[in-house]
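Next up, input.cif (mmCIF, N, CA and C atoms):
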```
data_final
#
loop_
_atom_site.group_PDB
_atom_site.id
_atom_site.type_symbol
_atom_site.label_atom_id
_atom_site.label_comp_id
_atom_site.auth_asym_id
_atom_site.auth_seq_id
_atom_site.Cartn_x
_atom_site.Cartn_y
_atom_site.Cartn_z
ATOM 1 N N MET L 1 8.975 6.308 22.335
ATOM 2 C CA MET L 1 8.236 6.631 21.137
ATOM 3 C C MET L 1 7.097 5.629 20.959
ATOM 4 N N LYS L 2 6.177 5.607 21.887
ATOM 5 C CA LYS L 2 5.041 4.706 21.818
ATOM 6 C C LYS L 2 3.773 5.485 21.567
ATOM 7 N N ALA L 3 2.920 4.895 20.792
ATOM 8 C CA ALA L 3 1.615 5.507 20.588
ATOM 9 C C ALA L 3 0.734 5.231 21.797
ATOM 10 N N ARG L 4 -0.303 6.007 21.952
ATOM 11 C CA ARG L 4 -1.196 5.805 23.075
ATOM 12 C C ARG L 4 -1.860 4.443 22.984
ATOM 13 N N GLY L 5 -1.791 3.662 24.068
ATOM 14 C CA GLY L 5 -2.440 2.364 24.117
ATOM 15 C C GLY L 5 -1.724 1.281 23.329
ATOM 16 N N SER L 6 -0.516 1.535 22.901
ATOM 17 C CA SER L 6 0.214 0.574 22.094
ATOM 18 C C SER L 6 1.051 -0.328 22.989
ATOM 19 N N HIS L 7 1.086 -1.604 22.643
ATOM 20 C CA HIS L 7 1.903 -2.556 23.382
ATOM 21 C C HIS L 7 3.089 -3.028 22.563
ATOM 22 N N VAL L 8 3.307 -2.400 21.431
ATOM 23 C CA VAL L 8 4.402 -2.764 20.543
ATOM 24 C C VAL L 8 5.528 -1.758 20.738
ATOM 25 N N PRO L 9 6.754 -2.225 21.087
ATOM 26 C CA PRO L 9 7.857 -1.270 21.237
ATOM 27 C C PRO L 9 8.295 -0.723 19.881
ATOM 28 N N ALA L 10 8.630 0.535 19.859
ATOM 29 C CA ALA L 10 8.974 1.194 18.601
ATOM 30 C C ALA L 10 10.454 1.056 18.252
ATOM 31 N N TRP L 11 11.321 0.831 19.233
ATOM 32 C CA TRP L 11 12.753 0.889 18.971
ATOM 33 C C TRP L 11 13.251 -0.121 17.934
ATOM 34 N N PRO L 12 12.727 -1.366 17.855
ATOM 35 C CA PRO L 12 13.244 -2.248 16.792
ATOM 36 C C PRO L 12 12.919 -1.722 15.387
ATOM 37 N N PHE L 13 11.750 -1.129 15.234
ATOM 38 C CA PHE L 13 11.355 -0.614 13.936
ATOM 39 C C PHE L 13 12.153 0.634 13.567
ATOM 40 N N VAL L 14 12.484 1.438 14.566
ATOM 41 C CA VAL L 14 13.288 2.630 14.309
ATOM 42 C C VAL L 14 14.701 2.221 13.886
ATOM 43 N N LEU L 15 15.260 1.218 14.557
ATOM 44 C CA LEU L 15 16.589 0.741 14.172
ATOM 45 C C LEU L 15 16.586 0.150 12.764
ATOM 46 N N LEU L 16 15.561 -0.622 12.446
ATOM 47 C CA LEU L 16 15.471 -1.190 11.105
ATOM 48 C C LEU L 16 15.267 -0.115 10.041
ATOM 49 N N SER L 17 14.630 0.980 10.426
ATOM 50 C CA SER L 17 14.365 2.025 9.443
ATOM 51 C C SER L 17 15.646 2.709 8.972
ATOM 52 N N PHE L 18 16.712 2.641 9.761
ATOM 53 C CA PHE L 18 17.977 3.225 9.314
ATOM 54 C C PHE L 18 18.551 2.445 8.134
ATOM 55 N N GLY L 19 18.296 1.141 8.099
ATOM 56 C CA GLY L 19 18.796 0.332 6.998
ATOM 57 C C GLY L 19 17.793 0.150 5.878
ATOM 58 N N LEU L 20 16.529 -0.011 6.231
ATOM 59 C CA LEU L 20 15.505 -0.318 5.232
ATOM 60 C C LEU L 20 14.662 0.880 4.838
ATOM 61 N N GLY L 21 14.818 1.968 5.532
ATOM 62 C CA GLY L 21 14.025 3.151 5.218
ATOM 63 C C GLY L 21 12.660 3.104 5.887
ATOM 64 N N ALA L 22 11.761 3.880 5.364
ATOM 65 C CA ALA L 22 10.438 4.014 5.966
ATOM 66 C C ALA L 22 9.615 2.736 5.881
ATOM 67 N N PHE L 23 10.001 1.812 4.999
ATOM 68 C CA PHE L 23 9.245 0.564 4.883
ATOM 69 C C PHE L 23 9.283 -0.236 6.179
ATOM 70 N N ALA L 24 10.335 -0.094 6.977
ATOM 71 C CA ALA L 24 10.431 -0.812 8.234
ATOM 72 C C ALA L 24 9.448 -0.275 9.266
ATOM 73 N N LEU L 25 8.963 0.939 9.094
ATOM 74 C CA LEU L 25 8.020 1.523 10.037
ATOM 75 C C LEU L 25 6.574 1.119 9.761
ATOM 76 N N LEU L 26 6.284 0.631 8.578
ATOM 77 C CA LEU L 26 4.906 0.293 8.226
ATOM 78 C C LEU L 26 4.286 -0.771 9.135
ATOM 79 N N PRO L 27 4.998 -1.873 9.472
ATOM 80 C CA PRO L 27 4.380 -2.832 10.395
ATOM 81 C C PRO L 27 4.104 -2.228 11.771
ATOM 82 N N TYR L 28 4.989 -1.351 12.235
ATOM 83 C CA TYR L 28 4.755 -0.712 13.534
ATOM 84 C C TYR L 28 3.472 0.112 13.510
ATOM 85 N N PHE L 29 3.285 0.885 12.447
ATOM 86 C CA PHE L 29 2.074 1.698 12.361
ATOM 87 C C PHE L 29 0.831 0.830 12.259
ATOM 88 N N ALA L 30 0.943 -0.311 11.594
ATOM 89 C CA ALA L 30 -0.216 -1.207 11.470
ATOM 90 C C ALA L 30 -0.546 -1.859 12.804
ATOM 91 N N TRP L 31 0.478 -2.301 13.552
ATOM 92 C CA TRP L 31 0.235 -3.000 14.811
ATOM 93 C C TRP L 31 -0.097 -2.061 15.955
ATOM 94 N N SER L 32 0.359 -0.830 15.894
ATOM 95 C CA SER L 32 0.135 0.078 17.014
ATOM 96 C C SER L 32 -1.112 0.921 16.834
ATOM 97 N N SER L 33 -1.887 0.643 15.814
ATOM 98 C CA SER L 33 -3.113 1.403 15.578
ATOM 99 C C SER L 33 -4.068 1.197 16.752
ATOM 100 N N PRO L 34 -4.608 2.284 17.316
ATOM 101 C CA PRO L 34 -5.475 2.136 18.493
ATOM 102 C C PRO L 34 -6.805 1.471 18.185
ATOM 103 N N THR L 35 -7.256 1.517 16.946
ATOM 104 C CA THR L 35 -8.514 0.880 16.595
ATOM 105 C C THR L 35 -8.290 -0.080 15.449
ATOM 106 N N TYR L 36 -9.021 -1.163 15.486
ATOM 107 C CA TYR L 36 -8.940 -2.123 14.396
ATOM 108 C C TYR L 36 -9.835 -1.644 13.271
ATOM 109 N N ARG L 37 -9.244 -1.457 12.123
ATOM 110 C CA ARG L 37 -10.005 -0.958 10.989
ATOM 111 C C ARG L 37 -10.417 -2.078 10.038
ATOM 112 N N GLY L 38 -9.877 -3.250 10.215
ATOM 113 C CA GLY L 38 -10.190 -4.342 9.315
ATOM 114 C C GLY L 38 -9.418 -4.210 8.012
ATOM 115 N N SER L 39 -9.830 -4.962 7.058
ATOM 116 C CA SER L 39 -9.184 -4.932 5.761
ATOM 117 C C SER L 39 -9.505 -3.630 5.050
ATOM 118 N N GLY L 40 -8.561 -3.146 4.273
ATOM 119 C CA GLY L 40 -8.785 -1.925 3.526
ATOM 120 C C GLY L 40 -9.840 -2.084 2.450
ATOM 121 N N TYR L 41 -10.047 -3.324 2.018
ATOM 122 C CA TYR L 41 -11.020 -3.556 0.958
ATOM 123 C C TYR L 41 -12.458 -3.440 1.454
ATOM 124 N N GLU L 42 -12.662 -3.550 2.765
ATOM 125 C CA GLU L 42 -14.012 -3.452 3.304
ATOM 126 C C GLU L 42 -14.557 -2.032 3.184
ATOM 127 N N CYS L 43 -13.676 -1.050 3.166
ATOM 128 C CA CYS L 43 -14.104 0.344 3.126
ATOM 129 C C CYS L 43 -14.403 0.826 1.712
ATOM 130 N N LEU L 44 -13.969 0.082 0.715
ATOM 131 C CA LEU L 44 -14.160 0.521 -0.660
ATOM 132 C C LEU L 44 -15.580 0.233 -1.129
ATOM 133 N N SER L 45 -16.130 1.164 -1.840
ATOM 134 C CA SER L 45 -17.447 0.952 -2.428
ATOM 135 C C SER L 45 -17.346 1.204 -3.915
ATOM 136 N N PHE L 46 -17.086 0.151 -4.658
ATOM 137 C CA PHE L 46 -16.886 0.292 -6.091
ATOM 138 C C PHE L 46 -18.187 0.492 -6.846
ATOM 139 N N GLY L 47 -19.303 0.138 -6.243
ATOM 140 C CA GLY L 47 -20.567 0.208 -6.949
ATOM 141 C C GLY L 47 -20.904 1.612 -7.411
ATOM 142 N N SER L 48 -20.776 2.596 -6.551
ATOM 143 C CA SER L 48 -21.131 3.958 -6.936
ATOM 144 C C SER L 48 -20.006 4.649 -7.701
ATOM 145 N N GLN L 49 -18.762 4.227 -7.494
ATOM 146 C CA GLN L 49 -17.642 4.888 -8.143
ATOM 147 C C GLN L 49 -17.484 4.451 -9.596
ATOM 148 N N ARG L 50 -17.985 3.305 -9.951
ATOM 149 C CA ARG L 50 -17.838 2.837 -11.328
ATOM 150 C C ARG L 50 -18.685 3.647 -12.294
ATOM 151 N N GLU L 51 -19.624 4.380 -11.779
ATOM 152 C CA GLU L 51 -20.453 5.195 -12.644
ATOM 153 C C GLU L 51 -19.698 6.436 -13.122
ATOM 154 N N SER L 52 -18.706 6.871 -12.365
ATOM 155 C CA SER L 52 -17.952 8.056 -12.761
ATOM 156 C C SER L 52 -16.976 7.703 -13.885
ATOM 157 N N GLY L 53 -16.454 8.722 -14.552
ATOM 158 C CA GLY L 53 -15.546 8.505 -15.671
ATOM 159 C C GLY L 53 -14.237 7.864 -15.255
ATOM 160 N N ILE L 54 -13.659 8.330 -14.169
ATOM 161 C CA ILE L 54 -12.380 7.785 -13.704
ATOM 162 C C ILE L 54 -12.552 6.348 -13.249
ATOM 163 N N GLY L 55 -13.642 6.058 -12.587
ATOM 164 C CA GLY L 55 -13.898 4.687 -12.140
ATOM 165 C C GLY L 55 -14.047 3.721 -13.299
ATOM 166 N N ARG L 56 -14.703 4.169 -14.360
ATOM 167 C CA ARG L 56 -14.859 3.301 -15.533
ATOM 168 C C ARG L 56 -13.525 3.053 -16.221
ATOM 169 N N VAL L 57 -12.702 4.094 -16.336
ATOM 170 C CA VAL L 57 -11.393 3.941 -16.980
ATOM 171 C C VAL L 57 -10.498 3.040 -16.141
ATOM 172 N N ALA L 58 -10.508 3.223 -14.840
ATOM 173 C CA ALA L 58 -9.654 2.415 -13.961
ATOM 174 C C ALA L 58 -10.098 0.959 -13.928
ATOM 175 N N ALA L 59 -11.376 0.686 -14.105
ATOM 176 C CA ALA L 59 -11.882 -0.681 -14.050
ATOM 177 C C ALA L 59 -11.798 -1.384 -15.397
ATOM 178 N N HIS L 60 -11.508 -0.669 -16.465
ATOM 179 C CA HIS L 60 -11.496 -1.257 -17.800
ATOM 180 C C HIS L 60 -10.277 -2.154 -17.976
ATOM 181 N N LYS L 61 -10.473 -3.282 -18.642
ATOM 182 C CA LYS L 61 -9.380 -4.239 -18.840
ATOM 183 C C LYS L 61 -8.287 -3.687 -19.755
ATOM 184 N N LEU L 62 -8.646 -2.830 -20.673
ATOM 185 C CA LEU L 62 -7.653 -2.240 -21.566
ATOM 186 C C LEU L 62 -6.656 -1.383 -20.775
ATOM 187 N N THR L 63 -7.133 -0.696 -19.752
ATOM 188 C CA THR L 63 -6.240 0.088 -18.897
ATOM 189 C C THR L 63 -5.228 -0.825 -18.211
ATOM 190 N N HIS L 64 -5.676 -1.980 -17.753
ATOM 191 C CA HIS L 64 -4.779 -2.924 -17.089
ATOM 192 C C HIS L 64 -3.741 -3.462 -18.063
ATOM 193 N N VAL L 65 -4.156 -3.745 -19.287
ATOM 194 C CA VAL L 65 -3.221 -4.246 -20.295
ATOM 195 C C VAL L 65 -2.180 -3.185 -20.643
ATOM 196 N N ILE L 66 -2.624 -1.945 -20.804
ATOM 197 C CA ILE L 66 -1.692 -0.857 -21.121
ATOM 198 C C ILE L 66 -0.683 -0.664 -19.989
ATOM 199 N N LEU L 67 -1.157 -0.690 -18.748
ATOM 200 C CA LEU L 67 -0.240 -0.539 -17.615
ATOM 201 C C LEU L 67 0.739 -1.700 -17.527
ATOM 202 N N LEU L 68 0.267 -2.911 -17.796
ATOM 203 C CA LEU L 68 1.156 -4.067 -17.780
ATOM 204 C C LEU L 68 2.225 -3.940 -18.859
ATOM 205 N N LEU L 69 1.839 -3.522 -20.056
ATOM 206 C CA LEU L 69 2.824 -3.347 -21.120
ATOM 207 C C LEU L 69 3.838 -2.251 -20.790
ATOM 208 N N LEU L 70 3.386 -1.175 -20.165
ATOM 209 C CA LEU L 70 4.312 -0.116 -19.755
ATOM 210 C C LEU L 70 5.299 -0.613 -18.703
ATOM 211 N N ILE L 71 4.819 -1.415 -17.769
ATOM 212 C CA ILE L 71 5.705 -1.961 -16.735
ATOM 213 C C ILE L 71 6.716 -2.918 -17.349
ATOM 214 N N LEU L 72 6.253 -3.799 -18.223
ATOM 215 C CA LEU L 72 7.176 -4.743 -18.863
ATOM 216 C C LEU L 72 8.179 -4.025 -19.750
ATOM 217 N N GLY L 73 7.734 -3.003 -20.468
ATOM 218 C CA GLY L 73 8.658 -2.229 -21.302
ATOM 219 C C GLY L 73 9.700 -1.502 -20.477
ATOM 220 N N THR L 74 9.292 -0.937 -19.373
ATOM 221 C CA THR L 74 10.242 -0.257 -18.495
ATOM 222 C C THR L 74 11.238 -1.234 -17.899
ATOM 223 N N GLY L 75 10.765 -2.407 -17.509
ATOM 224 C CA GLY L 75 11.660 -3.432 -16.974
ATOM 225 C C GLY L 75 12.640 -3.923 -18.006
ATOM 226 N N PHE L 76 12.168 -4.115 -19.239
ATOM 227 C CA PHE L 76 13.051 -4.541 -20.322
ATOM 228 C C PHE L 76 14.089 -3.463 -20.623
ATOM 229 N N TYR L 77 13.676 -2.221 -20.612
ATOM 230 C CA TYR L 77 14.599 -1.115 -20.858
ATOM 231 C C TYR L 77 15.654 -1.032 -19.751
ATOM 232 N N ALA L 78 15.256 -1.322 -18.529
ATOM 233 C CA ALA L 78 16.188 -1.257 -17.404
ATOM 234 C C ALA L 78 17.223 -2.377 -17.467
ATOM 235 N N VAL L 79 16.845 -3.519 -18.009
ATOM 236 C CA VAL L 79 17.758 -4.662 -18.092
ATOM 237 C C VAL L 79 18.787 -4.474 -19.192
ATOM 238 N N GLN L 80 18.410 -3.762 -20.250
ATOM 239 C CA GLN L 80 19.327 -3.581 -21.388
ATOM 240 C C GLN L 80 20.555 -2.859 -21.005
#
```
Reformat the file's structure so that it appears as structure tokens.
Amino acid sequence: MKARGSHVPAWPFVLLSFGLGAFALLPYFAWSSPTYRGSGYECLSFGSQRESGIGRVAAHKLTHVILLLLILGTGFYAVQ
């Protein structure tokens, strides 16, 4: 189960995936990629997307605060 041009064996990741699930396969997919894509942040272009409505809402600090409060509330509810 090797990808084309890959030098990373797949069997250790497949064995780990039985215990850890699909998360164990993520490093294999990253290392066996035939082309180097660099960091994912290099491909993002926030300059043009911030002009749209969704980009403005996602970049707003109030959205981050609301999401943080929802996460903390959910965590607190789970602990109770």
I'd like the interatomic distance between atom N of Ser17 in chain L and CA of Trp31 in chain L, to a tenth of an Å.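 Result for atom N of Ser17 in chain L versus CA of Trp31 in chain L: 15.6 Å, one decimal.
Interatomic distance, CA of Ser32 in chain L against CA of Trp11 in chain L: 12.8 Å.
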What is the CA of Val8 in chain L-atom C of Tyr28 in chain L distance in Å, reported with one decimal?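 Separation of CA of Val8 in chain L and atom C of Tyr28 in chain L: 7.7 Å.
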